[in-house]
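Visitor: What follows is the file structure_35.txt, containing compact mmCIF, C-alpha atoms:
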# COMPACT_ATOMS: atom_id res chain seq x y z
CA MET A 340 141.23 40.60 2.36
CA PRO A 341 139.63 43.66 0.83
CA ARG A 342 141.78 45.81 -1.37
CA ALA A 343 143.22 49.07 0.07
CA GLY A 344 141.28 51.15 -2.45
CA SER A 345 137.96 49.67 -1.41
CA THR A 346 138.86 50.16 2.28
CA ARG A 347 139.63 53.86 1.71
CA ALA A 348 136.39 54.22 -0.25
CA ALA A 349 134.42 52.61 2.56
CA THR A 350 136.13 54.89 5.08
CA ARG A 351 135.31 57.98 3.00
CA LYS A 352 131.70 56.76 2.69
CA ARG A 353 131.41 56.33 6.45
CA GLY A 354 132.87 59.79 6.96
CA VAL A 355 130.37 61.35 4.57
CA GLU A 356 127.55 59.52 6.32
CA ARG A 357 128.73 60.89 9.69
CA VAL A 358 128.76 64.43 8.30
CA VAL A 359 125.28 63.98 6.85
CA ARG A 360 124.00 62.63 10.16
CA ARG A 361 125.54 65.58 12.05
CA THR A 362 124.06 68.04 9.55
CA ARG A 363 120.64 66.48 9.85
CA ALA A 364 120.88 66.58 13.63
CA LEU A 365 121.84 70.26 13.57
CA VAL A 366 118.94 71.04 11.24
CA ALA A 367 116.54 69.14 13.49
CA LEU A 368 117.79 70.99 16.57
CA THR A 369 117.43 74.31 14.76
CA LEU A 370 113.87 73.51 13.74
CA LEU A 371 113.04 72.34 17.27
CA ALA A 372 114.47 75.54 18.73
CA SER A 373 112.38 77.57 16.28
CA ALA A 374 109.25 75.66 17.22
CA LEU A 375 109.92 76.12 20.93
CA ALA A 376 110.56 79.80 20.37
CA ALA A 377 107.23 80.08 18.57
CA CYS A 378 105.47 78.43 21.50
CA GLY A 379 107.33 80.34 24.16
CA GLY A 380 107.22 83.69 22.41
CA ASP A 381 109.05 86.33 24.43
CA GLU A 382 109.69 84.28 27.59
CA ASP A 383 113.41 85.15 27.52
CA THR A 384 112.62 88.87 27.48
CA GLY A 385 110.23 88.59 30.41
CA ARG A 386 107.02 88.90 28.34
CA PRO A 387 105.11 85.60 28.36
CA THR A 388 103.11 84.46 25.38
CA LEU A 389 99.59 83.32 26.24
CA ASN A 390 98.32 80.78 23.74
CA TRP A 391 94.62 81.18 22.94
CA TYR A 392 93.01 78.22 21.17
CA ASN A 393 89.67 78.97 19.57
CA PHE A 394 87.50 78.20 16.56
CA PRO A 395 88.87 79.34 13.18
CA ASP A 396 87.57 82.85 12.59
CA ASP A 397 87.83 84.11 9.02
CA SER A 398 86.56 87.62 9.76
CA GLY A 399 89.70 88.74 11.56
CA ALA A 400 87.76 89.70 14.70
CA LEU A 401 89.55 87.22 16.97
CA GLN A 402 92.99 88.24 15.73
CA GLN A 403 92.07 91.88 16.30
CA ALA A 404 91.06 91.04 19.87
CA ALA A 405 94.35 89.23 20.48
CA ASP A 406 96.34 92.17 19.10
CA ARG A 407 94.36 94.77 21.07
CA CYS A 408 94.78 92.93 24.34
CA SER A 409 98.48 92.35 23.72
CA ARG A 410 98.93 96.09 23.31
CA ALA A 411 96.71 96.89 26.27
CA SER A 412 98.82 94.67 28.53
CA GLY A 413 101.60 97.25 28.43
CA GLY A 414 104.21 94.63 27.63
CA ARG A 415 103.12 92.24 30.40
CA TYR A 416 102.03 89.52 27.94
CA ARG A 417 101.36 88.75 24.30
CA ILE A 418 98.36 86.72 23.11
CA SER A 419 98.91 84.27 20.28
CA TYR A 420 95.66 83.16 18.61
CA HIS A 421 95.74 79.55 17.39
CA LYS A 422 92.99 78.28 15.11
CA LEU A 423 91.44 74.95 16.00
CA PRO A 424 89.94 72.61 13.35
CA ARG A 425 86.68 73.78 11.76
CA ALA A 426 84.53 70.91 12.97
CA ALA A 427 83.49 71.05 16.63
CA ASP A 428 84.43 67.38 17.13
CA GLY A 429 87.93 68.09 15.85
CA GLN A 430 88.27 71.10 18.15
CA ARG A 431 87.28 69.10 21.20
CA GLN A 432 89.48 66.15 20.23
CA GLN A 433 92.59 68.30 19.89
CA MET A 434 92.10 70.01 23.25
CA VAL A 435 91.14 66.81 25.08
CA ARG A 436 94.28 65.02 23.90
CA ARG A 437 96.58 67.87 24.85
CA LEU A 438 94.95 68.52 28.20
CA ALA A 439 95.02 64.82 29.05
CA ALA A 440 98.78 65.00 28.41
CA GLU A 441 99.01 68.03 30.75
CA ASP A 442 100.30 70.23 27.93
CA ASP A 443 101.35 73.51 29.55
CA SER A 444 101.43 75.43 26.26
CA LEU A 445 97.63 75.87 26.40
CA ASP A 446 96.51 78.95 28.33
CA ILE A 447 93.11 80.24 27.18
CA LEU A 448 90.59 77.80 25.71
CA GLY A 449 87.60 78.61 23.55
CA LEU A 450 85.07 75.97 24.59
CA ASP A 451 81.84 75.05 22.88
CA VAL A 452 78.98 75.71 25.31
CA THR A 453 78.58 71.94 25.88
CA TRP A 454 82.14 71.23 27.07
CA ALA A 455 82.58 73.12 30.36
CA ALA A 456 81.10 70.38 32.55
CA GLU A 457 83.27 67.69 30.97
CA PHE A 458 86.47 69.74 31.20
CA ALA A 459 85.71 70.87 34.76
CA GLU A 460 84.96 67.34 35.95
CA ALA A 461 88.28 66.20 34.43
CA ARG A 462 90.02 69.10 36.25
CA TRP A 463 91.41 70.45 33.00
CA ILE A 464 90.21 74.02 33.56
CA ARG A 465 90.39 76.42 36.51
CA GLU A 466 87.48 77.88 38.43
CA TRP A 467 86.75 81.59 38.07
CA THR A 468 86.80 83.17 41.54
CA GLY A 469 87.17 86.51 43.32
CA GLU A 470 87.61 89.69 41.35
CA ALA A 471 88.02 87.88 38.04
CA LYS A 472 84.64 86.19 38.51
CA ARG A 473 82.99 89.46 39.52
CA ARG A 474 84.26 91.21 36.42
CA ALA A 475 83.32 88.26 34.19
CA THR A 476 79.73 88.06 35.41
CA GLU A 477 79.01 91.78 35.72
CA GLY A 478 76.68 92.83 32.90
CA THR A 479 76.71 89.35 31.31
CA LEU A 480 73.46 87.74 30.20
CA ARG A 481 72.21 85.18 32.71
CA VAL A 482 71.48 82.20 30.45
CA PRO A 483 74.87 82.17 28.65
CA LEU A 484 76.53 82.15 32.07
CA GLN A 485 74.79 78.87 32.84
CA THR A 486 76.71 77.16 30.04
CA GLY A 487 80.03 77.71 31.85
CA THR A 488 78.76 76.67 35.27
CA TRP A 489 79.18 73.21 36.76
CA LYS A 490 78.11 72.13 40.25
CA GLY A 491 77.50 75.72 41.22
CA LYS A 492 80.97 76.94 40.21
CA LEU A 493 81.94 79.08 37.23
CA TYR A 494 84.56 77.46 35.00
CA ALA A 495 84.13 79.32 31.70
CA VAL A 496 82.81 82.76 30.81
CA PRO A 497 80.72 83.56 27.72
CA TYR A 498 82.66 85.10 24.84
CA ASN A 499 79.78 85.07 22.37
CA THR A 500 76.41 83.40 22.06
CA ASN A 501 73.85 82.45 19.44
CA THR A 502 70.20 81.55 19.12
CA GLN A 503 67.70 80.73 16.42
CA LEU A 504 64.84 82.90 15.20
CA LEU A 505 61.96 82.15 12.86
CA TRP A 506 62.74 83.59 9.43
CA TYR A 507 59.88 83.91 6.95
CA ARG A 508 58.80 85.45 3.65
CA LYS A 509 56.48 88.38 4.18
CA ASP A 510 55.14 88.16 0.62
CA LEU A 511 53.82 84.68 1.45
CA VAL A 512 53.02 85.12 5.15
CA PRO A 513 52.00 88.69 6.09
CA THR A 514 51.72 87.74 9.78
CA PRO A 515 54.20 85.17 11.14
CA PRO A 516 52.93 82.15 13.08
CA THR A 517 53.37 82.00 16.85
CA THR A 518 53.17 78.21 17.31
CA TRP A 519 54.49 75.14 15.53
CA ALA A 520 50.94 73.95 14.82
CA GLU A 521 50.05 77.30 13.27
CA MET A 522 53.21 77.28 11.13
CA ILE A 523 52.54 73.75 9.85
CA GLY A 524 48.97 74.80 9.04
CA MET A 525 50.19 77.85 7.10
CA SER A 526 52.62 75.64 5.19
CA ARG A 527 49.79 73.26 4.27
CA ASP A 528 47.66 76.17 2.98
CA LEU A 529 50.54 77.50 0.87
CA ALA A 530 51.13 74.04 -0.58
CA ARG A 531 47.48 73.81 -1.67
CA GLN A 532 47.94 77.12 -3.47
CA GLY A 533 51.05 75.84 -5.25
CA LYS A 534 53.29 78.38 -3.51
CA PRO A 535 56.67 77.92 -1.76
CA HIS A 536 55.79 76.33 1.56
CA TYR A 537 58.65 74.36 3.13
CA VAL A 538 59.75 74.87 6.75
CA GLU A 539 63.55 74.61 6.73
CA ILE A 540 64.87 72.98 9.92
CA GLN A 541 67.87 70.83 10.90
CA GLY A 542 66.76 67.20 10.49
CA ALA A 543 70.04 65.37 9.85
CA GLN A 544 71.44 62.90 12.36
CA TYR A 545 73.81 65.29 14.17
CA GLU A 546 73.93 67.91 16.91
CA GLY A 547 71.38 70.14 15.16
CA LEU A 548 68.70 67.48 15.61
CA THR A 549 69.46 67.36 19.34
CA VAL A 550 69.18 71.15 19.50
CA TRP A 551 65.77 71.05 17.80
CA PHE A 552 64.52 68.44 20.29
CA ASN A 553 66.00 70.29 23.28
CA SER A 554 64.32 73.55 22.22
CA LEU A 555 60.95 71.83 21.89
CA VAL A 556 61.24 69.93 25.19
CA ASN A 557 62.10 73.11 27.10
CA SER A 558 59.41 75.08 25.25
CA ALA A 559 56.91 72.43 26.38
CA GLY A 560 57.92 73.01 30.01
CA GLY A 561 60.34 70.11 30.43
CA ALA A 562 64.02 69.21 30.25
CA ILE A 563 66.16 66.35 29.03
CA LEU A 564 67.95 65.93 32.39
CA ASP A 565 66.91 66.60 35.98
CA PRO A 566 68.37 69.75 37.66
CA ALA A 567 71.21 67.74 39.21
CA ALA A 568 72.10 66.17 35.84
CA THR A 569 72.00 62.72 37.43
CA GLU A 570 68.86 61.29 35.81
CA PRO A 571 66.91 61.75 32.57
CA ALA A 572 63.83 63.95 33.02
CA LEU A 573 61.96 63.88 29.67
CA GLY A 574 58.35 62.80 30.46
CA PRO A 575 55.24 64.25 28.76
CA PRO A 576 57.06 67.40 27.47
CA ALA A 577 59.52 65.17 25.60
CA VAL A 578 56.68 63.14 24.08
CA ARG A 579 55.07 66.41 23.02
CA ALA A 580 58.35 67.58 21.45
CA ALA A 581 58.83 64.33 19.54
CA SER A 582 55.24 64.60 18.30
CA VAL A 583 55.86 68.08 16.88
CA MET A 584 58.92 66.81 15.03
CA ARG A 585 57.03 63.83 13.62
CA ASP A 586 54.04 65.98 12.60
CA LEU A 587 56.22 68.43 10.68
CA ALA A 588 58.22 65.65 9.02
CA ASN A 589 55.03 63.97 7.75
CA SER A 590 53.37 67.16 6.50
CA PRO A 591 53.77 69.27 3.34
CA ALA A 592 55.99 71.55 5.46
CA ALA A 593 58.84 69.03 5.30
CA ASP A 594 61.53 69.64 2.72
CA PRO A 595 62.21 66.30 0.95
CA SER A 596 65.83 66.70 2.11
CA LEU A 597 64.86 67.10 5.78
CA PRO A 598 66.66 63.90 6.97
CA ASN A 599 69.93 65.24 5.55
CA GLN A 600 69.63 68.94 6.22
CA MET A 601 71.88 71.08 8.39
CA GLU A 602 71.99 74.84 8.93
CA ASP A 603 73.72 75.69 5.67
CA GLN A 604 71.42 73.52 3.56
CA ASN A 605 68.47 75.31 5.22
CA ARG A 606 70.00 78.67 4.28
CA LEU A 607 70.52 77.68 0.67
CA ALA A 608 66.99 76.29 0.33
CA MET A 609 65.49 79.50 1.67
CA GLU A 610 67.64 81.58 -0.66
CA SER A 611 66.57 79.46 -3.64
CA GLY A 612 62.94 80.44 -3.07
CA VAL A 613 61.39 77.03 -2.30
CA ALA A 614 60.65 77.71 1.38
CA ALA A 615 58.32 79.98 3.30
CA PHE A 616 59.90 79.49 6.76
CA GLU A 617 63.31 78.80 8.23
CA LEU A 618 64.48 78.11 11.78
CA ASN A 619 68.08 79.23 11.86
CA TYR A 620 70.76 81.51 13.28
CA PRO A 621 71.23 85.20 12.37
CA PHE A 622 73.99 84.43 9.84
CA VAL A 623 71.23 83.79 7.30
CA TYR A 624 70.28 87.48 7.18
CA PRO A 625 73.47 88.93 5.62
CA SER A 626 73.70 85.85 3.42
CA MET A 627 70.23 86.44 2.00
CA LYS A 628 71.02 90.10 1.35
CA ALA A 629 74.19 89.16 -0.51
CA ASN A 630 72.92 86.14 -2.44
CA ASN A 631 69.34 87.05 -3.28
CA PRO A 632 68.81 90.80 -2.90
CA GLU A 633 65.37 90.66 -4.50
CA LEU A 634 64.07 88.02 -2.12
CA SER A 635 65.73 89.73 0.85
CA GLU A 636 63.20 92.56 0.49
CA ASN A 637 60.58 90.18 1.91
CA PHE A 638 62.88 88.28 4.29
CA ARG A 639 61.66 88.88 7.85
CA TRP A 640 62.18 87.50 11.33
CA ALA A 641 60.03 86.62 14.33
CA PRO A 642 60.39 84.84 17.70
CA TYR A 643 60.98 81.09 17.76
CA PRO A 644 57.59 79.30 17.54
CA ARG A 645 55.90 78.11 20.72
CA VAL A 646 54.83 74.55 21.41
CA ASP A 647 51.88 75.79 23.49
CA ALA A 648 50.25 79.13 22.75
CA ASP A 649 50.30 80.13 26.42
CA ARG A 650 53.93 79.19 27.12
CA PRO A 651 56.93 81.18 25.78
CA ALA A 652 59.37 79.35 23.52
CA ARG A 653 62.80 78.52 24.90
CA PRO A 654 65.20 78.11 21.96
CA THR A 655 68.57 76.52 22.68
CA ILE A 656 71.60 78.80 22.76
CA GLY A 657 75.03 78.19 21.30
CA GLY A 658 78.29 80.08 21.48
CA ILE A 659 81.82 79.93 22.82
CA ASP A 660 82.99 80.25 26.44
CA LEU A 661 86.53 81.15 27.57
CA ALA A 662 88.31 78.96 30.12
CA VAL A 663 91.81 78.95 31.60
CA SER A 664 93.77 75.72 31.35
CA ALA A 665 94.68 74.00 34.61
CA TYR A 666 98.19 73.53 33.20
CA SER A 667 98.85 77.12 32.12
CA ARG A 668 102.16 78.44 33.38
CA HIS A 669 100.64 81.91 33.69
CA PRO A 670 97.10 81.45 35.06
CA ASP A 671 96.75 84.92 36.57
CA LEU A 672 97.70 86.57 33.31
CA ALA A 673 95.45 84.16 31.40
CA PHE A 674 92.41 85.18 33.47
CA GLU A 675 93.26 88.84 32.89
CA ALA A 676 93.71 88.30 29.17
CA ALA A 677 90.45 86.34 28.87
CA LEU A 678 88.59 89.25 30.45
CA CYS A 679 90.15 91.59 27.91
CA LEU A 680 89.29 89.30 24.97
CA ARG A 681 85.59 89.40 25.90
CA ASN A 682 85.38 93.10 26.77
CA ARG A 683 82.89 95.47 25.17
CA GLU A 684 85.09 96.56 22.27
CA ASN A 685 86.07 93.03 21.28
CA GLN A 686 82.57 91.62 21.59
CA LEU A 687 81.24 94.45 19.43
CA THR A 688 83.89 93.74 16.79
CA ALA A 689 83.04 90.04 16.86
CA ALA A 690 79.36 90.91 16.40
CA LEU A 691 79.83 93.41 13.58
CA GLU A 692 82.58 91.61 11.66
CA GLY A 693 82.14 87.99 12.70
CA GLY A 694 78.36 87.85 13.05
CA LEU A 695 78.50 86.54 16.62
CA PRO A 696 75.87 87.91 19.03
CA PRO A 697 77.45 89.35 22.19
CA THR A 698 76.92 88.20 25.76
CA LEU A 699 77.15 91.67 27.35
CA ARG A 700 73.65 93.04 27.88
CA ALA A 701 74.63 96.67 27.27
CA LEU A 702 75.71 95.99 23.68
CA TYR A 703 72.10 95.29 22.67
CA ASP A 704 71.47 99.03 23.13
CA ASP A 705 74.56 100.05 21.16
CA PRO A 706 73.57 101.99 18.00
CA ALA A 707 76.25 100.33 15.85
CA PHE A 708 75.09 96.86 16.89
CA MET A 709 71.41 97.73 16.39
CA ARG A 710 72.10 99.00 12.86
CA GLU A 711 73.90 95.77 11.92
CA TYR A 712 71.35 93.61 13.73
CA PRO A 713 67.89 95.02 12.98
CA PHE A 714 66.58 91.93 14.77
CA SER A 715 68.61 92.64 17.95
CA LYS A 716 65.51 92.98 20.15
CA GLU A 717 64.26 89.58 19.06
CA VAL A 718 67.69 88.02 19.63
CA LEU A 719 67.90 89.57 23.12
CA ALA A 720 64.39 88.40 24.01
CA ALA A 721 65.26 84.88 22.84
CA LEU A 722 68.49 84.86 24.85
CA GLU A 723 66.77 86.03 28.02
CA SER A 724 64.25 83.17 27.88
CA ALA A 725 66.52 80.62 26.21
CA SER A 726 67.38 77.09 27.25
CA VAL A 727 70.80 75.47 27.45
CA ARG A 728 71.78 72.01 26.33
CA PRO A 729 72.02 69.39 29.10
CA LEU A 730 74.86 70.32 31.46
CA THR A 731 76.73 67.06 32.00
CA PRO A 732 80.22 65.65 31.40
CA ALA A 733 78.45 62.95 29.37
CA TYR A 734 76.89 65.45 26.98
CA GLN A 735 78.46 63.95 23.86
CA ASN A 736 76.82 60.62 24.58
CA VAL A 737 73.51 62.25 25.52
CA SER A 738 73.46 64.10 22.20
CA ILE A 739 74.22 60.93 20.25
CA ALA A 740 71.42 59.09 22.05
CA VAL A 741 68.93 61.81 21.07
CA SER A 742 69.98 62.35 17.45
CA HIS A 743 70.24 58.66 16.61
CA THR A 744 66.89 57.81 18.14
CA LEU A 745 65.02 60.66 16.40
CA SER A 746 66.50 60.10 12.94
CA PRO A 747 64.78 60.25 10.54
CA PRO A 748 62.12 62.57 12.00
CA SER A 749 59.39 61.07 9.80
CA GLY A 750 59.83 57.71 11.51
CA ILE A 751 59.49 58.98 15.08
CA LYS A 752 57.09 57.08 17.34
CA PRO A 753 56.93 59.63 20.17
CA GLU A 754 56.36 57.47 23.24
CA SER A 755 58.68 54.62 22.30
CA ALA A 756 61.32 57.08 21.06
CA VAL A 757 61.33 58.89 24.40
CA ASP A 758 61.57 55.55 26.23
CA THR A 759 64.60 54.65 24.11
CA ILE A 760 66.24 58.03 24.70
CA ARG A 761 65.64 57.68 28.44
CA GLU A 762 67.26 54.24 28.48
CA HIS A 763 70.35 55.34 26.54
CA ILE A 764 70.79 58.53 28.56
CA ASP A 765 70.57 56.57 31.79
CA GLU A 766 73.30 54.25 30.51
CA ALA A 767 75.42 57.21 29.44
CA LEU A 768 75.14 58.91 32.83
CA ARG A 769 76.17 55.66 34.53
CA SER A 770 78.89 55.07 31.90
CA GLU A 771 77.30 51.81 30.90
CA GLY A 772 76.13 50.31 27.63
CA VAL A 773 77.00 51.12 24.04
CA ILE A 774 75.65 54.42 22.78
CA PRO A 775 73.94 53.95 19.37
As a first step, turn the structure in this file into structure tokens.
Guide:
Amino acid sequence: MPRAGSTRAATRKRGVERVVRRTRALVALTLLASALAACGGDEDTGRPTLNWYNFPDDSGALQQAADRCSRASGGRYRISYHKLPRAADGQRQQMVRRLAAEDDSLDILGLDVTWAAEFAEARWIREWTGEAKRRATEGTLRVPLQTGTWKGKLYAVPYNTNTQLLWYRKDLVPTPPTTWAEMIGMSRDLARQGKPHYVEIQGAQYEGLTVWFNSLVNSAGGAILDPAATEPALGPPAVRAASVMRDLANSPAADPSLPNQMEDQNRLAMESGVAAFELNYPFVYPSMKANNPELSENFRWAPYPRVDADRPARPTIGGIDLAVSAYSRHPDLAFEAALCLRNRENQLTAALEGGLPPTLRALYDDPAFMREYPFSKEVLAALESASVRPLTPAYQNVSIAVSHTLSPPSGIKPESAVDTIREHIDEALRSEGVIP
């Protein structure tokens, strides 16, 4: 038999363990209650918290919008801005997992312009109808609205947009080229003179390569998918687009780092002085002014180059659309709040402080916006003739099929590459095969 002393010690030990377990349980319950309170906000006081999930904005513009709209609601709701991961794939992954679990703590969703079809087809987001739809579409640029439309219904409304321009050095090129062939020829001439001559463009195996191809296909009069998004379109315009990419990649215009370059590498190369041209988004303008003031004196912009001299270019747009979760406990308030978040004041703030071009047409005539964006007319013209990426729930697979097939650009064999893309897209649309 155990001694009495050891029995009492064991009893005391068990008692201490019970106290520790109870303490830990109380702490856990307290933390859980705090977390639930953070999610629920002011539910107990009658003021719901609407959770807005969007890309991580470092400028403060999105937080300002959330605060303004919370105040403007007159106590009817509060908007809590939650930052998603920085990478687009991480953003989509987080929302997909939570929506698939029918998480009702998501109210307003900031969607990349390629996600609306997928989310709508999965019934994760609500359709915009009635007065909310009228207010959302009134005064909004036509092409950005297409990105939130699926099967003729509006599921997400444009919050901001983006498009590429041709940026060039005026000291090297007094008159900017109007076509890709002309630009490659200018680059070749500059190379013969021993001057900076690269054309900076996104050539890495990622979404930027798909955007380049999509812009060229549409500029050549074609499309990647048919209008119903049920079959690949491609055809001669796609062969033409692939040929332009191959020609640039095998000319003096190609930066040696082309197969690995993304938007930021393009920016840095241009700022370093080795390039004459750059196809990129407007964020490069303030960056050039800040990082190379001397070179910025000759940093100019022009419309996106044409594939054919007699056909306008159709650069691909980007941006973020706002959708309302199908599982939101306060959908009516969420629609109202989303309209407030994308109103004139908040879009202007996002443009001036966050560098995000607006989707409201009237803002392109606003003096404050025009001062900050001296290239606003070119951006507006590009947006009004722009193309959108293929609208399909299978977009992720379509993009992978394009970027993998066309990488590296120097190895493109136009006709066989387009045949391969067609085959993989067809498999993706039918949910068959393994995407490369």
Visitor: Report, in Å to a single decimal, how far apart CA of Thr479 in chain A and CA of Thr518 in chain A are.
Guide: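 We find that CA of Thr518 in chain A and CA of Thr479 in chain A lie 29.6 Å from each other.
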Visitor: Given only C-alpha atoms as the basis, pick out the residue of A:Ile764, A:Val613, A:Ala567, A:Ala740 nearest to Pro535 in chain A.
Guide: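 Closest to Pro535 in chain A, using only C-alpha atoms: A:Val613.
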Visitor: For CA of Arg386 in chain A and CA of Tyr416 in chain A, quote the distance in Å rounded to one decimal.
Guide: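 Atom-to-atom, CA of Arg386 in chain A and CA of Tyr416 in chain A are spaced 5.0 Å apart.
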Visitor: So which residues touch Arg462 in chain A within 9 Å, counting all atoms listed in the file, skipping near sequence neighbours fewer than 4 positions away, as number ranges by chain?
Guide: A: 457-458, 665
Visitor: Identify which of the residues A:Gln735, A:Gln485, A:Asn589, A:Ser419 lies closest to Leu401 in chain A, counting only C-alpha atoms when measuring atom-to-atom distances.
Guide: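 The closest residue to Leu401 in chain A is A:Ser419.
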Visitor: Taking all atoms listed in the file into account, name the residue in A:Gly469, A:Pro483, A:Gly612, A:Pro497 that is nearest to Glu539 in chain A.
Guide: A:Gly612
Visitor: Let me make sure I understand: among A:Ala689, A:Trp640, A:Leu672, A:Phe552, which one has the smallest atom-to-atom distance to Ala756 in chain A if we use only C-alpha atoms?
Guide: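 Closest candidate: A:Phe552.
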Visitor: How many Å lie between CA of Ile760 in chain A and CA of Tyr620 in chain A, rounded to one decimal?
Guide: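 These atoms are spaced 26.5 Å apart.
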Visitor: May I ask which of the residues A:Ile418, A:Val482, A:Leu529, A:Ala588 is the closest one to Glu723 in chain A, counting only C-alpha atoms?
Guide: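 Of A:Ile418, A:Val482, A:Leu529, A:Ala588, the one nearest Glu723 in chain A, counting only C-alpha atoms, is A:Val482.
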Visitor: Kindly provide, as a ChimeraX atom specification, the polymer residues lying within 10 Å of (56.5, 73.9, 18.9), counting only C-alpha atoms and using the coordinates exactly as they appear in the file.
Guide: /A:517-523,551-552,554-559,579-584,587,643-648,652-653
Visitor: Take the residues that were just selected and, keeping C-alpha atoms, output them as a compact mmCIF listing (two decimals), in the frame of the given file.
Guide:
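Writing done, so here's part16.txt:
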# COMPACT_ATOMS: atom_id res chain seq x y z
CA THR A 517 53.37 82.00 16.85
CA THR A 518 53.17 78.21 17.31
CA TRP A 519 54.49 75.14 15.53
CA ALA A 520 50.94 73.95 14.82
CA GLU A 521 50.05 77.30 13.27
CA MET A 522 53.21 77.28 11.13
CA ILE A 523 52.54 73.75 9.85
CA TRP A 551 65.77 71.05 17.80
CA PHE A 552 64.52 68.44 20.29
CA SER A 554 64.32 73.55 22.22
CA LEU A 555 60.95 71.83 21.89
CA VAL A 556 61.24 69.93 25.19
CA ASN A 557 62.10 73.11 27.10
CA SER A 558 59.41 75.08 25.25
CA ALA A 559 56.91 72.43 26.38
CA ARG A 579 55.07 66.41 23.02
CA ALA A 580 58.35 67.58 21.45
CA ALA A 581 58.83 64.33 19.54
CA SER A 582 55.24 64.60 18.30
CA VAL A 583 55.86 68.08 16.88
CA MET A 584 58.92 66.81 15.03
CA LEU A 587 56.22 68.43 10.68
CA TYR A 643 60.98 81.09 17.76
CA PRO A 644 57.59 79.30 17.54
CA ARG A 645 55.90 78.11 20.72
CA VAL A 646 54.83 74.55 21.41
CA ASP A 647 51.88 75.79 23.49
CA ALA A 648 50.25 79.13 22.75
CA ALA A 652 59.37 79.35 23.52
CA ARG A 653 62.80 78.52 24.90
Visitor: Nearest to Gln430 in chain A: which of A:Ala404, A:Ile659, A:Ile739, A:Ala577 is it, counting all atoms listed in the file?
Guide: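 With all atoms listed in the file as the atom set, the closest residue is A:Ile659.
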Visitor: Within 8 Å of Pro621 in chain A, counting all atoms listed in the file, which residues show up once you throw out same-chain ones fewer than 4 positions away? Write them as a PyMOL selection string, please.
Guide: chain A and resi 502-504+694
Visitor: Mind checking which residues fall within 9 Å of Trp467 in chain A, counting all atoms listed in the file, ignoring those fewer than 2 positions away in the same chain, and posting them as a list in words?
Guide: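 Near Trp467 in chain A, the qualifying residues are Arg465, Gly469, Glu470, Ala471, Lys472, Arg473, Ala475, Lys492, Leu493, Tyr494, Ala495, Val496, Ala662, Val663 and Phe674 of chain A.
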Visitor: Extract, using only C-alpha atoms, all DNA, RNA and protein residues at most 6 Å from Ser742 in chain A, discarding same-chain residues fewer than 2 positions from it, and format them as a PDB file with C-alpha atoms, keeping the file's coordinate frame.
Guide:
ATOM      1  CA  GLN A 544      71.440  62.900  12.360  1.00  0.00           C
ATOM      2  CA  TYR A 545      73.810  65.290  14.170  1.00  0.00           C
ATOM      3  CA  LEU A 548      68.700  67.480  15.610  1.00  0.00           C
ATOM      4  CA  THR A 549      69.460  67.360  19.340  1.00  0.00           C
ATOM      5  CA  ILE A 739      74.220  60.930  20.250  1.00  0.00           C
ATOM      6  CA  ALA A 740      71.420  59.090  22.050  1.00  0.00           C
ATOM      7  CA  THR A 744      66.890  57.810  18.140  1.00  0.00           C
ATOM      8  CA  LEU A 745      65.020  60.660  16.400  1.00  0.00           C
TER       9      LEU A 745
END
Visitor: List as a list in words: which residues have an atom within 10 Å of (92.4, 93.3, 19.8), counting only C-alpha atoms?
Guide: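 Residues lying no farther than 10 Å from the given point: Gly399, Ala400, Leu401, Gln402, Gln403, Ala404, Ala405, Asp406, Arg407, Cys408, Ser409, Arg410, Ala411, Ile418, Cys679, Leu680, Arg681, Asn682, Glu684, Asn685 and Thr688 of chain A.
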Visitor: Could you name the residues that touch Ser626 in chain A at 12 Å or less, counting all atoms listed in the file, but leaving out those on the same chain fewer than 3 positions away, as a CSV table (one decimal) with C-alpha atoms, in the frame of the given file?
Guide:
chain,number,residue,atom,x,y,z
A,603,ASP,CA,73.7,75.7,5.7
A,605,ASN,CA,68.5,75.3,5.2
A,606,ARG,CA,70.0,78.7,4.3
A,607,LEU,CA,70.5,77.7,0.7
A,609,MET,CA,65.5,79.5,1.7
A,610,GLU,CA,67.6,81.6,-0.7
A,611,SER,CA,66.6,79.5,-3.6
A,620,TYR,CA,70.8,81.5,13.3
A,621,PRO,CA,71.2,85.2,12.4
A,622,PHE,CA,74.0,84.4,9.8
A,623,VAL,CA,71.2,83.8,7.3
A,629,ALA,CA,74.2,89.2,-0.5
A,630,ASN,CA,72.9,86.1,-2.4
A,631,ASN,CA,69.3,87.0,-3.3
A,632,PRO,CA,68.8,90.8,-2.9
A,634,LEU,CA,64.1,88.0,-2.1
A,635,SER,CA,65.7,89.7,0.8
A,638,PHE,CA,62.9,88.3,4.3
A,694,GLY,CA,78.4,87.8,13.0
